[in-house]
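Shown below: entry.txt, with compact mmCIF, C-alpha atoms (C1' of nucleotides).
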```
# COMPACT_ATOMS: atom_id res chain seq x y z
CA MET X 1 110.99 141.04 77.28
CA LYS X 2 113.52 143.52 78.37
CA GLN X 3 112.72 142.64 81.98
CA VAL X 4 113.32 138.94 81.45
CA ILE X 5 116.68 139.54 79.91
CA GLU X 6 117.63 141.80 82.76
CA LEU X 7 116.60 139.16 85.26
CA VAL X 8 118.66 136.46 83.63
CA GLU X 9 121.60 138.70 83.25
CA ARG X 10 121.39 139.85 86.81
CA LYS X 11 121.53 136.30 88.10
CA ARG X 12 124.51 135.43 86.01
CA GLY X 13 126.12 138.66 86.93
CA VAL X 14 125.42 138.24 90.64
CA ALA X 15 126.99 134.82 90.63
CA CYS X 16 125.22 133.35 93.64
CA CYS X 17 127.20 131.02 95.86
CA THR X 18 130.46 132.76 95.24
CA PRO X 19 132.71 131.69 98.08
CA VAL X 20 133.41 134.47 100.53
CA ALA X 21 136.74 134.29 102.27
CA PRO X 22 136.53 134.81 106.02
CA ARG X 23 138.61 137.49 107.65
CA LEU X 24 138.63 135.62 110.95
CA THR X 25 140.03 132.13 111.19
CA SER X 26 137.69 129.64 112.79
CA GLY X 27 140.07 129.58 115.74
CA ALA X 28 139.77 133.33 116.15
CA ALA X 29 136.00 133.10 115.99
CA GLU X 30 136.05 130.49 118.74
CA GLN X 31 138.34 132.54 120.91
CA PHE X 32 136.17 135.59 120.47
CA SER X 33 132.95 133.75 121.25
CA ALA X 34 134.51 132.03 124.25
CA ASP X 35 135.64 135.39 125.59
CA LEU X 36 132.11 136.70 125.24
CA ALA X 37 130.57 133.57 126.74
CA LEU X 38 132.56 134.02 129.93
CA LEU X 39 130.48 137.05 130.84
CA ALA X 40 127.33 136.00 129.01
CA HIS X 41 125.57 135.24 132.26
CA PRO X 42 124.02 137.84 134.56
CA VAL X 43 125.26 136.27 137.78
CA ARG X 44 128.85 136.29 136.58
CA VAL X 45 128.50 139.89 135.53
CA GLN X 46 127.06 140.81 138.90
CA ILE X 47 129.86 138.98 140.70
CA LEU X 48 132.41 140.89 138.70
CA ASP X 49 130.58 144.11 139.43
CA LEU X 50 130.55 143.46 143.16
CA LEU X 51 134.21 142.49 143.18
CA ALA X 52 135.36 145.33 140.96
CA GLN X 53 133.75 147.75 143.30
CA SER X 54 135.43 146.84 146.55
CA GLU X 55 139.05 147.59 146.11
CA GLY X 56 139.60 145.24 149.00
CA GLN X 57 138.37 141.68 149.16
CA VAL X 58 134.93 140.24 149.30
CA CYS X 59 134.03 136.93 150.89
CA VAL X 60 131.60 134.46 149.43
CA CYS X 61 128.84 135.22 151.90
CA ASP X 62 128.98 138.89 150.89
CA LEU X 63 128.39 137.83 147.33
CA GLU X 64 125.70 135.36 148.21
CA SER X 65 123.69 138.01 150.03
CA GLY X 66 123.84 140.28 147.00
CA LEU X 67 122.92 137.68 144.39
CA PRO X 68 119.73 135.82 143.48
CA VAL X 69 121.31 132.37 143.78
CA LYS X 70 122.38 130.05 146.59
CA GLN X 71 125.88 129.49 147.87
CA PRO X 72 126.82 126.44 145.75
CA THR X 73 125.84 128.35 142.64
CA VAL X 74 127.93 131.32 143.68
CA SER X 75 130.89 129.00 144.20
CA HIS X 76 130.25 127.47 140.79
CA HIS X 77 130.38 130.81 138.99
CA LEU X 78 133.37 131.90 141.05
CA ARG X 79 135.14 128.81 139.87
CA LEU X 80 134.43 129.56 136.22
CA LEU X 81 135.73 133.09 136.59
CA ARG X 82 138.77 131.91 138.51
CA GLU X 83 139.59 129.19 135.98
CA ALA X 84 139.39 131.83 133.28
CA GLY X 85 141.93 133.87 135.22
CA LEU X 86 139.63 136.82 135.68
CA ILE X 87 139.50 136.67 139.46
CA ASP X 88 141.40 135.01 142.26
CA CYS X 89 141.05 134.52 145.99
CA GLU X 90 143.10 134.60 149.10
CA LYS X 91 142.08 132.38 151.97
CA GLN X 92 142.23 133.78 155.46
CA GLY X 93 141.01 131.39 158.10
CA LEU X 94 137.50 130.36 157.34
CA TRP X 95 136.96 133.00 154.73
CA ALA X 96 137.91 133.21 151.09
CA TYR X 97 138.41 136.77 149.92
CA TYR X 98 137.90 137.19 146.21
CA PHE X 99 139.19 139.96 144.02
CA VAL X 100 139.34 140.93 140.35
CA LYS X 101 142.59 140.54 138.48
CA ARG X 102 142.51 143.90 136.80
CA GLU X 103 145.09 143.15 134.15
CA ALA X 104 143.17 140.03 133.11
CA LEU X 105 139.95 142.00 132.85
CA THR X 106 141.72 144.63 130.80
CA ALA X 107 143.17 141.97 128.52
CA LEU X 108 139.75 140.38 128.04
CA ARG X 109 138.25 143.71 127.16
CA ALA X 110 141.04 144.37 124.69
CA ARG X 111 140.56 141.01 122.99
CA ILE X 112 136.84 141.61 122.67
CA ASP X 113 137.44 145.07 121.30
CA ALA X 114 139.88 143.67 118.77
CA GLY X 115 137.27 141.10 117.76
CA PHE X 116 134.77 143.83 117.08
CA GLN X 117 137.32 145.77 115.14
CA ALA X 118 137.91 142.74 112.93
CA LEU X 119 134.18 142.56 112.30
CA GLY X 120 133.70 146.24 111.69
CA MET B 1 120.84 133.54 174.43
CA LYS B 2 124.48 133.04 175.30
CA GLN B 3 125.10 131.62 171.82
CA VAL B 4 123.59 134.60 170.18
CA ILE B 5 125.82 136.97 172.05
CA GLU B 6 128.92 134.98 171.20
CA LEU B 7 127.99 134.84 167.56
CA VAL B 8 127.55 138.54 167.36
CA GLU B 9 130.87 139.22 169.01
CA ARG B 10 132.89 136.97 166.76
CA LYS B 11 131.40 138.43 163.64
CA ARG B 12 132.16 141.92 164.80
CA GLY B 13 135.83 141.17 165.08
CA VAL B 14 136.23 139.69 161.64
CA ALA B 15 133.84 141.98 159.83
CA CYS B 16 132.75 139.37 157.35
CA CYS B 17 129.60 139.74 155.29
CA THR B 18 129.65 143.47 154.93
CA PRO B 19 127.03 144.21 152.32
CA VAL B 20 128.47 145.43 149.04
CA ALA B 21 126.26 147.67 146.97
CA PRO B 22 126.20 146.83 143.25
CA ARG B 23 127.06 149.49 140.73
CA LEU B 24 125.04 147.74 138.04
CA THR B 25 121.35 147.11 138.47
CA SER B 26 120.32 143.53 137.87
CA GLY B 27 118.57 144.75 134.75
CA ALA B 28 121.78 146.25 133.44
CA ALA B 29 123.64 143.03 134.18
CA GLU B 30 121.06 141.10 132.19
CA GLN B 31 121.23 143.50 129.28
CA PHE B 32 125.00 143.29 129.23
CA SER B 33 125.09 139.50 129.41
CA ALA B 34 122.38 139.19 126.76
CA ASP B 35 124.39 141.44 124.45
CA LEU B 36 127.42 139.25 124.94
CA ALA B 37 125.44 136.04 124.53
CA LEU B 38 124.28 137.11 121.09
CA LEU B 39 127.80 136.66 119.74
CA ALA B 40 128.88 133.97 122.18
CA HIS B 41 128.72 131.33 119.49
CA PRO B 42 131.41 130.75 116.87
CA VAL B 43 128.99 130.21 114.00
CA ARG B 44 127.24 133.51 114.64
CA VAL B 45 130.59 135.26 114.81
CA GLN B 46 131.64 133.68 111.54
CA ILE B 47 128.37 134.65 109.90
CA LEU B 48 128.87 138.22 110.98
CA ASP B 49 132.43 138.11 109.74
CA LEU B 50 131.38 136.84 106.33
CA LEU B 51 128.61 139.40 106.02
CA ALA B 52 130.68 142.31 107.29
CA GLN B 53 133.24 141.57 104.68
CA SER B 54 131.15 141.71 101.55
CA GLU B 55 129.92 145.21 101.32
CA GLY B 56 127.23 143.83 99.07
CA GLN B 57 124.90 141.00 99.95
CA VAL B 58 125.53 137.38 100.63
CA CYS B 59 123.04 134.60 100.04
CA VAL B 60 122.48 131.70 102.39
CA CYS B 61 124.27 129.18 100.20
CA ASP B 62 127.37 131.38 100.25
CA LEU B 63 127.29 131.22 104.02
CA GLU B 64 126.57 127.53 104.14
CA SER B 65 129.59 126.74 102.03
CA GLY B 66 131.82 128.73 104.37
CA LEU B 67 130.51 127.32 107.63
CA PRO B 68 130.82 123.97 109.40
CA VAL B 69 127.05 123.49 109.74
CA LYS B 70 124.16 122.55 107.47
CA GLN B 71 121.62 124.85 105.91
CA PRO B 72 118.88 124.63 108.57
CA THR B 73 121.43 125.53 111.21
CA VAL B 74 122.62 128.48 109.18
CA SER B 75 119.03 129.67 108.86
CA HIS B 76 118.58 129.23 112.59
CA HIS B 77 121.53 131.44 113.48
CA LEU B 78 120.56 133.96 110.83
CA ARG B 79 117.20 134.18 112.48
CA LEU B 80 118.71 134.87 115.90
CA LEU B 81 120.89 137.61 114.48
CA ARG B 82 118.01 139.07 112.52
CA GLU B 83 115.65 139.03 115.50
CA ALA B 84 118.32 140.86 117.47
CA GLY B 85 118.40 143.50 114.73
CA LEU B 86 122.04 142.96 113.86
CA ILE B 87 121.43 141.82 110.31
CA ASP B 88 118.64 141.89 107.78
CA CYS B 89 117.91 140.43 104.39
CA GLU B 90 116.44 141.42 101.11
CA LYS B 91 114.73 138.77 99.04
CA GLN B 92 115.32 138.72 95.33
CA GLY B 93 113.67 135.89 93.53
CA LEU B 94 114.83 132.61 94.98
CA TRP B 95 117.66 134.16 96.92
CA ALA B 96 117.82 135.95 100.22
CA TYR B 97 120.67 138.41 100.41
CA TYR B 98 121.79 139.08 103.92
CA PHE B 99 123.72 142.08 105.18
CA VAL B 100 124.95 143.58 108.43
CA LYS B 101 123.13 146.55 109.86
CA ARG B 102 126.19 148.58 110.64
CA GLU B 103 124.56 151.01 113.00
CA ALA B 104 123.14 148.14 115.05
CA LEU B 105 126.54 146.50 115.26
CA THR B 106 128.05 149.79 116.31
CA ALA B 107 125.40 150.23 118.97
CA LEU B 108 125.98 146.73 120.29
CA ARG B 109 129.67 147.35 120.51
CA ALA B 110 129.07 150.62 122.31
CA ARG B 111 126.77 148.99 124.86
CA ILE B 112 129.32 146.28 125.53
CA ASP B 113 132.07 148.82 125.89
CA ALA B 114 129.94 150.80 128.32
CA GLY B 115 129.37 147.61 130.30
CA PHE B 116 133.08 147.05 130.61
CA GLN B 117 133.57 150.61 131.63
CA ALA B 118 131.05 150.16 134.41
CA LEU B 119 133.00 147.12 135.58
CA GLY B 120 136.41 148.72 135.33
C1' DA M 1 138.49 116.69 171.13
C1' DA M 2 133.97 118.35 169.76
C1' DG M 3 130.95 121.45 167.73
C1' DA M 4 130.22 125.36 164.72
C1' DT M 5 130.98 127.82 160.47
C1' DG M 6 132.58 129.39 155.66
C1' DT M 7 133.40 127.47 151.35
C1' DA M 8 134.08 123.72 147.83
C1' DT M 9 132.42 119.67 145.63
C1' DT M 10 129.24 116.13 144.16
C1' DG M 11 125.32 114.42 141.99
C1' DA M 12 121.00 114.91 140.09
C1' DC M 13 117.54 117.31 137.70
C1' DG M 14 115.42 120.49 134.52
C1' DA M 15 115.94 124.10 131.20
C1' DA M 16 118.07 125.98 127.32
C1' DC M 17 120.85 125.52 123.29
C1' DT M 18 122.60 123.33 118.99
C1' DT M 19 122.09 120.48 115.23
C1' DC M 20 119.97 118.21 111.33
C1' DA M 21 116.65 115.23 108.51
C1' DA M 22 112.39 115.91 106.80
C1' DT M 23 109.15 118.90 105.18
C1' DC M 24 107.05 123.14 103.66
C1' DT M 25 106.88 127.50 100.98
C1' DA M 26 107.81 130.50 97.35
C1' DT M 27 109.82 131.42 92.98
C1' DC M 28 111.80 130.45 88.56
C1' DG M 29 112.36 128.02 83.99
C1' DG M 30 110.23 125.33 80.63
C1' DC S 1 101.07 123.49 85.16
C1' DC S 2 105.38 120.97 86.56
C1' DG S 3 109.87 120.03 88.08
C1' DA S 4 113.76 122.22 90.17
C1' DT S 5 115.85 125.14 93.55
C1' DA S 6 116.75 128.58 97.69
C1' DG S 7 115.53 129.19 102.02
C1' DA S 8 112.42 128.73 106.25
C1' DT S 9 110.24 125.86 109.57
C1' DT S 10 109.27 121.81 112.30
C1' DG S 11 110.24 118.20 115.32
C1' DA S 12 113.28 115.31 117.56
C1' DA S 13 117.67 114.04 119.53
C1' DG S 14 121.90 115.12 121.85
C1' DT S 15 124.49 118.21 124.47
C1' DT S 16 125.63 121.84 127.52
C1' DC S 17 124.37 124.90 131.20
C1' DG S 18 122.42 126.52 135.64
C1' DT S 19 120.75 125.35 139.96
C1' DC S 20 120.57 123.48 144.53
C1' DA S 21 120.28 119.83 148.41
C1' DA S 22 123.39 117.11 150.46
C1' DT S 23 127.81 116.38 151.72
C1' DA S 24 132.78 116.98 152.31
C1' DC S 25 136.51 119.77 153.86
C1' DA S 26 139.15 123.05 156.45
C1' DT S 27 139.51 126.10 160.21
C1' DC S 28 138.02 128.31 164.17
C1' DT S 29 136.25 128.37 169.15
C1' DT S 30 135.66 126.27 173.38
```

Let me see the structure of the file written as structure tokens.
Amino acid sequence: MKQVIELVERKRGVACCTPVAPRLTSGAAEQFSADLALLAHPVRVQILDLLAQSEGQVCVCDLESGLPVKQPTVSHHLRLLREAGLIDCEKQGLWAYYFVKREALTALRARIDAGFQALG
Amino acid sequence: MKQVIELVERKRGVACCTPVAPRLTSGAAEQFSADLALLAHPVRVQILDLLAQSEGQVCVCDLESGLPVKQPTVSHHLRLLREAGLIDCEKQGLWAYYFVKREALTALRARIDAGFQALG
DNA sequence: AAGATGTATTGACGAACTTCAATCTATCGG
DNA sequence: CCGATAGATTGAAGTTCGTCAATACATCTT
């Protein structure tokens, strides 16, 4: 008896399906997830690792020899990273020397950190 | 034979294709990218946002009403987050009250931050 | 000019991801 | 027990992503 009453009262009290207001706008959620998606692939992470390491420039064949994918795939991922502004390249003769744009990487990291802070 | 010699000499001059040693193991790159992929979807980010906000628990219908997807899709993303250990739920009667596992979220954030540090 | 070479692009294919209607399961109220 | 309801699961469809052979392009060497 007592239990039943408590149950009923708890449900009313709990008020299921109370709308919860988001702290992030849907636009912010999309920005955050897009930022994460950019590096959510091991090959892109490895490319960034290889580039970040050589202060100088690295050509595509250097990358290819250090990665588990073929040249067109390397070029594909390089394009994604370049279009996102995270890396860039300088062409010298036949070779394309790629490098990390440090300030862009820093900015990406900061945005991701801010996203986590908003969640925490 | 002549060709081989010429090839070798040209390459020497330009010094292309110098092997670059990775700082991250391929396993670490996969861990990092998998961590990022977990939140590389706006709906999962929004779910986490909604849960992180209510200190108490949130039922699935609360989430559904605040998200741009239907109930089975909400359940699907909840499952991914739960299997990753980021959230959990407590069933009370008909309702399932979900909540963020703060320490898991903190650990995820720390791993991601460490990944960026390795890249920087 | 012709051939060789590094890189980019194209096109196609398969794999993985996202979504939802339909259905199933478990629980509650009567 | 029966009808109603919250949530999970299934299965199918559409979409995006990752990969690579083939090819195109640009530049170098001869």

Local residues around (134.8, 119.0, 169.1), at most 10 Å away, using all atoms listed in the file, as a list in words = DA1, DA2, DG3 and DA4 of chain M; DT29 and DT30 of chain S

Write the residues of the preceding selection, restricted to C-alpha atoms (C1' of nucleotides), as a PDB file, in the frame of the given file.
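Saved file selection-v3.pdb follows:
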```pdb
ATOM      1  C1'  DA M   1     138.490 116.690 171.130  1.00  0.00           C
ATOM      2  C1'  DA M   2     133.970 118.350 169.760  1.00  0.00           C
ATOM      3  C1'  DG M   3     130.950 121.450 167.730  1.00  0.00           C
ATOM      4  C1'  DA M   4     130.220 125.360 164.720  1.00  0.00           C
TER       5       DA M   4
ATOM      6  C1'  DT S  29     136.250 128.370 169.150  1.00  0.00           C
ATOM      7  C1'  DT S  30     135.660 126.270 173.380  1.00  0.00           C
TER       8       DT S  30
END
```

Pick from X:Cys59, X:Val100, X:Ile87, X:Leu105, whichever lies nearest to chain M using all atoms listed in the file = X:Cys59

10 Å contact set for region 15-24 of chain M, all atoms listed in the file, chain neighbours under 2 positions out, as an MDAnalysis selection string | (chainID B and resid 69:73 76:77) or (chainID M and resid 13 26) or (chainID S and resid 8:18)

What is the distance between C1' of DC20 (chain S) and CA of Lys101 (chain X), in Å to one decimal?
-> 28.5 Å

Of B:Leu63, B:Asp35, B:Ser26, B:Val20, the one sitting nearest Ala114 (chain B) when using all atoms listed in the file is B:Asp35

Selection near Leu51 (chain X), 12 Å with all atoms listed in the file, sequence-local residues under 5 positions removed, as an MDAnalysis selection string = (chainID X and resid 44:46 56:60 62:63 66 78 81 86:89 97:102 105) or (chainID B and resid 19:24 119:120)
